[in-house]
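Undergrad: Can you read through this structure? Questions will come right after.
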Amino acid sequence: EAGVAQSPRYKIIEKRQSVAFWCNPISGHATLYWYQQILGQGPKLLIQFQNNGVVDDSQLPKDRFSAERLKGVDSTLKIQPAKLEDSAVYLCASSLGGQGWEQYFGPGTRLTVT
Amino acid sequence: KQEVTQIPAALSVPEGENLVLNCSFTDSAIYNLQWFRQDPGKGLTSLLLIQSSQREQTSGRLNASLDKSSGRSTLYIAASQPGDSATYLCAVKDGGYQKVTFGIGTKLQVIP
């Protein structure tokens with residue numbers, strides 16, 4: 001079974017530029033998560049989708065971050081405009097759905113904002 | 001607001017030792033708790049998932065326990081090996097809004 005795919009793996013941009021990350025979850029997984037992990041910290045949940053509906057986006061900085069999950073499969077996370085403090089690893093995870101299922105993570109995208 | 005704490009922040013042990021990693025959480029109304037390992041520059045690998053109704057889960061040399069009433073979980077690693085060196089994270093899923101909160105992790109080094 002293929003795992004969670006993410007691209008790109010690395011991205012360097014200047015502040016005020018925009019960037020987009022892509023995630024393809026494990027086939028059949030209804031729930032998709034985006035996390036931000038700043039160096040030395042645990043992952044922080046940005047947004048959780050159940051199919052193509054948003055379950056939780058309370059920690060998503062909506063003035064600059066947006067995310068969508070078209071047709072309940074792939075998802076993109078966008079930052080516009082980027083700030084220096086957005087430098088982090090952006091992790092995507094998926095699970096079968098519902099509350100009880102375990103999460104499987106992709107390799108992450110390392111973003112550096114200069 | 002759920003807060004998850006992991007102690008110790010870092011741990012160095014000689015190969016072959018048994019060890020315990022701790023995770024505590026402030027709101028006991030959880031749905032489940034999951035332990036992960038993270039290797040440098042990599043994503044997270046799931047180790048064990050404990051549902052709120054369970055007391056423990058085992059996989060190979062790993063055993064995770066959950067005491068929901070006291071807000072604690074432990075990850076026991078038996079006969080540690082250098083390949084176990086990684087950062088271990090616990091994540092709690094709240095029962096209400098299904099929000100997931102991670103601790104900052106315990107960085108483990110097993111010395112050959």
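If you're wondering about the labels, chains in the structure tokens are A, B, ... by order shown, residues count from 1 in each chain, ligands from 1 in order shown.
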Just need the residues of chain B within 7 Å of chain A, counting only C-alpha atoms, so spit them out as a PyMOL selection string.

TA: chain B and resi 32+42-46+49+51+98+100-105

Undergrad: Keeping only all heavy atoms, take the residues you just selected and write them out as an mmCIF file, in the first residue's frame.

TA:
```cif
data_model
loop_
_atom_site.group_PDB
_atom_site.id
_atom_site.type_symbol
_atom_site.label_atom_id
_atom_site.label_comp_id
_atom_site.auth_asym_id
_atom_site.auth_seq_id
_atom_site.Cartn_x
_atom_site.Cartn_y
_atom_site.Cartn_z
ATOM 1 N N ASN B 32 -8.383 9.008 21.900
ATOM 2 C CA ASN B 32 -7.293 8.052 21.829
ATOM 3 C C ASN B 32 -5.958 8.759 22.004
ATOM 4 O O ASN B 32 -5.887 10.002 22.039
ATOM 5 C CB ASN B 32 -7.318 7.234 20.530
ATOM 6 C CG ASN B 32 -7.175 8.090 19.283
ATOM 7 O OD1 ASN B 32 -6.402 9.034 19.245
ATOM 8 N ND2 ASN B 32 -7.912 7.743 18.237
ATOM 9 N N LYS B 42 12.750 13.388 8.772
ATOM 10 C CA LYS B 42 11.728 12.488 8.232
ATOM 11 C C LYS B 42 10.354 12.802 8.843
ATOM 12 O O LYS B 42 10.227 13.572 9.793
ATOM 13 C CB LYS B 42 12.098 11.032 8.575
ATOM 14 C CG LYS B 42 13.444 10.591 8.046
ATOM 15 C CD LYS B 42 13.395 10.302 6.572
ATOM 16 C CE LYS B 42 14.729 9.867 6.018
ATOM 17 N NZ LYS B 42 15.205 8.603 6.580
ATOM 18 N N GLY B 43 9.360 12.165 8.266
ATOM 19 C CA GLY B 43 8.017 12.291 8.814
ATOM 20 C C GLY B 43 7.861 11.419 10.046
ATOM 21 O O GLY B 43 8.830 10.864 10.561
ATOM 22 N N LEU B 44 6.637 11.286 10.520
ATOM 23 C CA LEU B 44 6.354 10.521 11.726
ATOM 24 C C LEU B 44 5.923 9.105 11.378
ATOM 25 O O LEU B 44 5.139 8.896 10.445
ATOM 26 C CB LEU B 44 5.246 11.194 12.527
ATOM 27 C CG LEU B 44 5.637 12.368 13.414
ATOM 28 C CD1 LEU B 44 6.088 13.563 12.608
ATOM 29 C CD2 LEU B 44 4.480 12.748 14.323
ATOM 30 N N THR B 45 6.412 8.149 12.148
ATOM 31 C CA THR B 45 6.014 6.760 11.988
ATOM 32 C C THR B 45 5.183 6.349 13.183
ATOM 33 O O THR B 45 5.617 6.506 14.330
ATOM 34 C CB THR B 45 7.255 5.848 11.884
ATOM 35 O OG1 THR B 45 8.050 6.266 10.776
ATOM 36 C CG2 THR B 45 6.846 4.399 11.703
ATOM 37 N N SER B 46 3.993 5.827 12.926
ATOM 38 C CA SER B 46 3.120 5.408 14.016
ATOM 39 C C SER B 46 3.673 4.161 14.690
ATOM 40 O O SER B 46 4.093 3.209 14.034
ATOM 41 C CB SER B 46 1.724 5.118 13.472
ATOM 42 O OG SER B 46 0.885 4.636 14.497
ATOM 43 N N LEU B 49 -1.279 2.832 18.916
ATOM 44 C CA LEU B 49 -2.482 3.630 19.129
ATOM 45 C C LEU B 49 -3.259 2.998 20.262
ATOM 46 O O LEU B 49 -3.515 1.793 20.239
ATOM 47 C CB LEU B 49 -3.337 3.645 17.861
ATOM 48 C CG LEU B 49 -4.718 4.274 17.959
ATOM 49 C CD1 LEU B 49 -4.614 5.785 18.099
ATOM 50 C CD2 LEU B 49 -5.579 3.910 16.751
ATOM 51 N N GLN B 51 -6.827 3.279 22.339
ATOM 52 C CA GLN B 51 -8.152 3.894 22.450
ATOM 53 C C GLN B 51 -8.404 4.229 23.919
ATOM 54 O O GLN B 51 -7.795 3.642 24.819
ATOM 55 C CB GLN B 51 -9.227 2.933 21.929
ATOM 56 C CG GLN B 51 -9.009 2.437 20.520
ATOM 57 C CD GLN B 51 -9.145 3.522 19.469
ATOM 58 O OE1 GLN B 51 -9.530 4.666 19.765
ATOM 59 N NE2 GLN B 51 -8.817 3.191 18.229
ATOM 60 N N GLN B 98 -12.413 16.304 18.335
ATOM 61 C CA GLN B 98 -11.444 15.456 17.631
ATOM 62 C C GLN B 98 -10.131 16.174 17.362
ATOM 63 O O GLN B 98 -9.389 15.782 16.466
ATOM 64 C CB GLN B 98 -12.010 14.968 16.285
ATOM 65 C CG GLN B 98 -13.322 14.227 16.393
ATOM 66 C CD GLN B 98 -13.821 13.793 15.035
ATOM 67 O OE1 GLN B 98 -13.057 13.238 14.246
ATOM 68 N NE2 GLN B 98 -15.079 14.031 14.754
ATOM 69 N N VAL B 100 -6.346 17.185 17.621
ATOM 70 C CA VAL B 100 -5.140 16.432 17.939
ATOM 71 C C VAL B 100 -4.084 17.385 18.491
ATOM 72 O O VAL B 100 -3.795 18.412 17.885
ATOM 73 C CB VAL B 100 -4.588 15.712 16.693
ATOM 74 C CG1 VAL B 100 -3.308 14.969 17.036
ATOM 75 C CG2 VAL B 100 -5.630 14.748 16.138
ATOM 76 N N THR B 101 -3.506 17.036 19.644
ATOM 77 C CA THR B 101 -2.459 17.839 20.264
ATOM 78 C C THR B 101 -1.242 16.964 20.502
ATOM 79 O O THR B 101 -1.349 15.881 21.087
ATOM 80 C CB THR B 101 -2.929 18.426 21.605
ATOM 81 O OG1 THR B 101 -4.140 19.159 21.406
ATOM 82 C CG2 THR B 101 -1.871 19.363 22.167
ATOM 83 N N PHE B 102 -0.085 17.442 20.045
ATOM 84 C CA PHE B 102 1.167 16.730 20.209
ATOM 85 C C PHE B 102 1.977 17.304 21.362
ATOM 86 O O PHE B 102 1.900 18.500 21.656
ATOM 87 C CB PHE B 102 2.024 16.876 18.942
ATOM 88 C CG PHE B 102 1.738 15.874 17.863
ATOM 89 C CD1 PHE B 102 0.690 16.070 16.985
ATOM 90 C CD2 PHE B 102 2.522 14.742 17.723
ATOM 91 C CE1 PHE B 102 0.431 15.154 15.975
ATOM 92 C CE2 PHE B 102 2.272 13.821 16.716
ATOM 93 C CZ PHE B 102 1.226 14.031 15.848
ATOM 94 N N GLY B 103 2.796 16.448 21.979
ATOM 95 C CA GLY B 103 3.856 16.909 22.853
ATOM 96 C C GLY B 103 5.060 17.302 22.012
ATOM 97 O O GLY B 103 5.052 17.130 20.784
ATOM 98 N N ILE B 104 6.095 17.835 22.656
ATOM 99 C CA ILE B 104 7.276 18.249 21.897
ATOM 100 C C ILE B 104 8.259 17.109 21.692
ATOM 101 O O ILE B 104 9.221 17.248 20.939
ATOM 102 C CB ILE B 104 7.998 19.445 22.546
ATOM 103 C CG1 ILE B 104 8.564 19.080 23.907
ATOM 104 C CG2 ILE B 104 7.075 20.647 22.634
ATOM 105 C CD1 ILE B 104 9.481 20.149 24.456
ATOM 106 N N GLY B 105 8.009 15.990 22.360
ATOM 107 C CA GLY B 105 8.819 14.817 22.103
ATOM 108 C C GLY B 105 9.938 14.582 23.096
ATOM 109 O O GLY B 105 10.347 15.477 23.843
#
```

Undergrad: What lies within 9 Å of B:Glu17 using only C-alpha atoms, ignoring chain neighbours under 4 positions off, as a list of chain:residue names?

TA: B:Val13, B:Ile77, B:Ala78, B:Ala79, B:Ser80, B:Gln81, B:Val110

Undergrad: Need to verify the contact set: B:Ile111, 9 Å, only C-alpha atoms, exclusion of same-chain residues closer than 4 positions in sequence. Can you return it as a PyMOL selection string?

TA: chain B and resi 12-15+81-82+85

Undergrad: List as a list in words the protein and nucleic acid residues near stretch 13-20 of chain A, meaning an atom at most 7 Å away when only C-alpha atoms are counted, but skip any in the same chain fewer than 3 places from it.

TA: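 Neighbouring residues, sequence-local ones excluded: Thr76, Leu77, Lys78, Ile79, Gln80, Pro81, Ala82, Lys83, Leu84, Thr112, Val113 and Thr114 of chain A.
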
Undergrad: Quick one: write out the picked residues with C-alpha atoms as a PDB file, in the first residue's frame?

TA:
```
ATOM      1  CA  THR A  76      -3.193  21.714  -1.204  1.00  0.00           C
ATOM      2  CA  LEU A  77      -2.029  24.097   1.490  1.00  0.00           C
ATOM      3  CA  LYS A  78      -1.129  27.629   0.443  1.00  0.00           C
ATOM      4  CA  ILE A  79       0.657  30.459   2.199  1.00  0.00           C
ATOM      5  CA  GLN A  80       0.289  33.970   0.821  1.00  0.00           C
ATOM      6  CA  PRO A  81       2.209  36.079   1.720  1.00  0.00           C
ATOM      7  CA  ALA A  82       4.843  34.124   3.616  1.00  0.00           C
ATOM      8  CA  LYS A  83       6.532  35.443   6.752  1.00  0.00           C
ATOM      9  CA  LEU A  84       9.853  34.484   8.290  1.00  0.00           C
ATOM     10  CA  THR A 112      12.573  28.084   4.516  1.00  0.00           C
ATOM     11  CA  VAL A 113      11.483  31.713   4.289  1.00  0.00           C
ATOM     12  CA  THR A 114      14.367  34.187   3.892  1.00  0.00           C
TER      13      THR A 114
END
```

Undergrad: Which of these, B:Ala29, B:Leu47, B:Leu108, B:Leu62, has the shortest distance to B:Leu11 once you count only C-alpha atoms?

TA: B:Leu108

Undergrad: If you run DSSP over the backbone, which residues in chain A end up strand (DSSP E or B)? Put them as a PyMOL selection string.

TA: chain A and resi 5-7+10-13+19-24+31-37+44-50+53-56+65-68+75-79+88-95+104-105+109-113

Undergrad: Quick one: residues within 9 Å of B:Thr106, only C-alpha atoms, excluding same-chain residues fewer than 5 positions away - as a list in words?

TA: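 Surrounding residues, per the criterion: Gln6, Ile7, Pro8, Ala9, Ala10, Leu11, Leu21, Asn22, Ala86, Thr87, Tyr88 and Leu89 of chain B.
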
Undergrad: Which one of B:Val20, B:Leu33, B:Val4, B:Cys90 sits closest to B:Asn63 if you count only C-alpha atoms?

TA: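 Result for the nearest residue to B:Asn63: B:Val20.
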
Undergrad: Can you work out which one of A:Ile38, A:Val54, A:Ile26, A:Leu96 has the shortest atom-to-atom distance to A:Ala2, counting only C-alpha atoms?

TA: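 Result for the nearest residue to A:Ala2: A:Ile26.
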
Undergrad: Using only C-alpha atoms, find the one residue out of B:Glu3, B:Pro40, B:Leu75, B:Ser24 that sits nearest to B:Ser59.

TA: B:Leu75

Undergrad: Write out as an MDAnalysis selection string the residues lying within 6 Å of B:Gly71, counting only C-alpha atoms and excluding same-chain residues fewer than 3 positions away.

TA: chainID B and resid 24:25 28 68

Undergrad: Pick the closest to B:Pro112 from B:Tyr31, B:Lys1, B:Thr74, B:Gly16: which is it, counting only C-alpha atoms?

TA: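 Ranking B:Tyr31, B:Lys1, B:Thr74, B:Gly16 by distance to B:Pro112, first place goes to B:Gly16.
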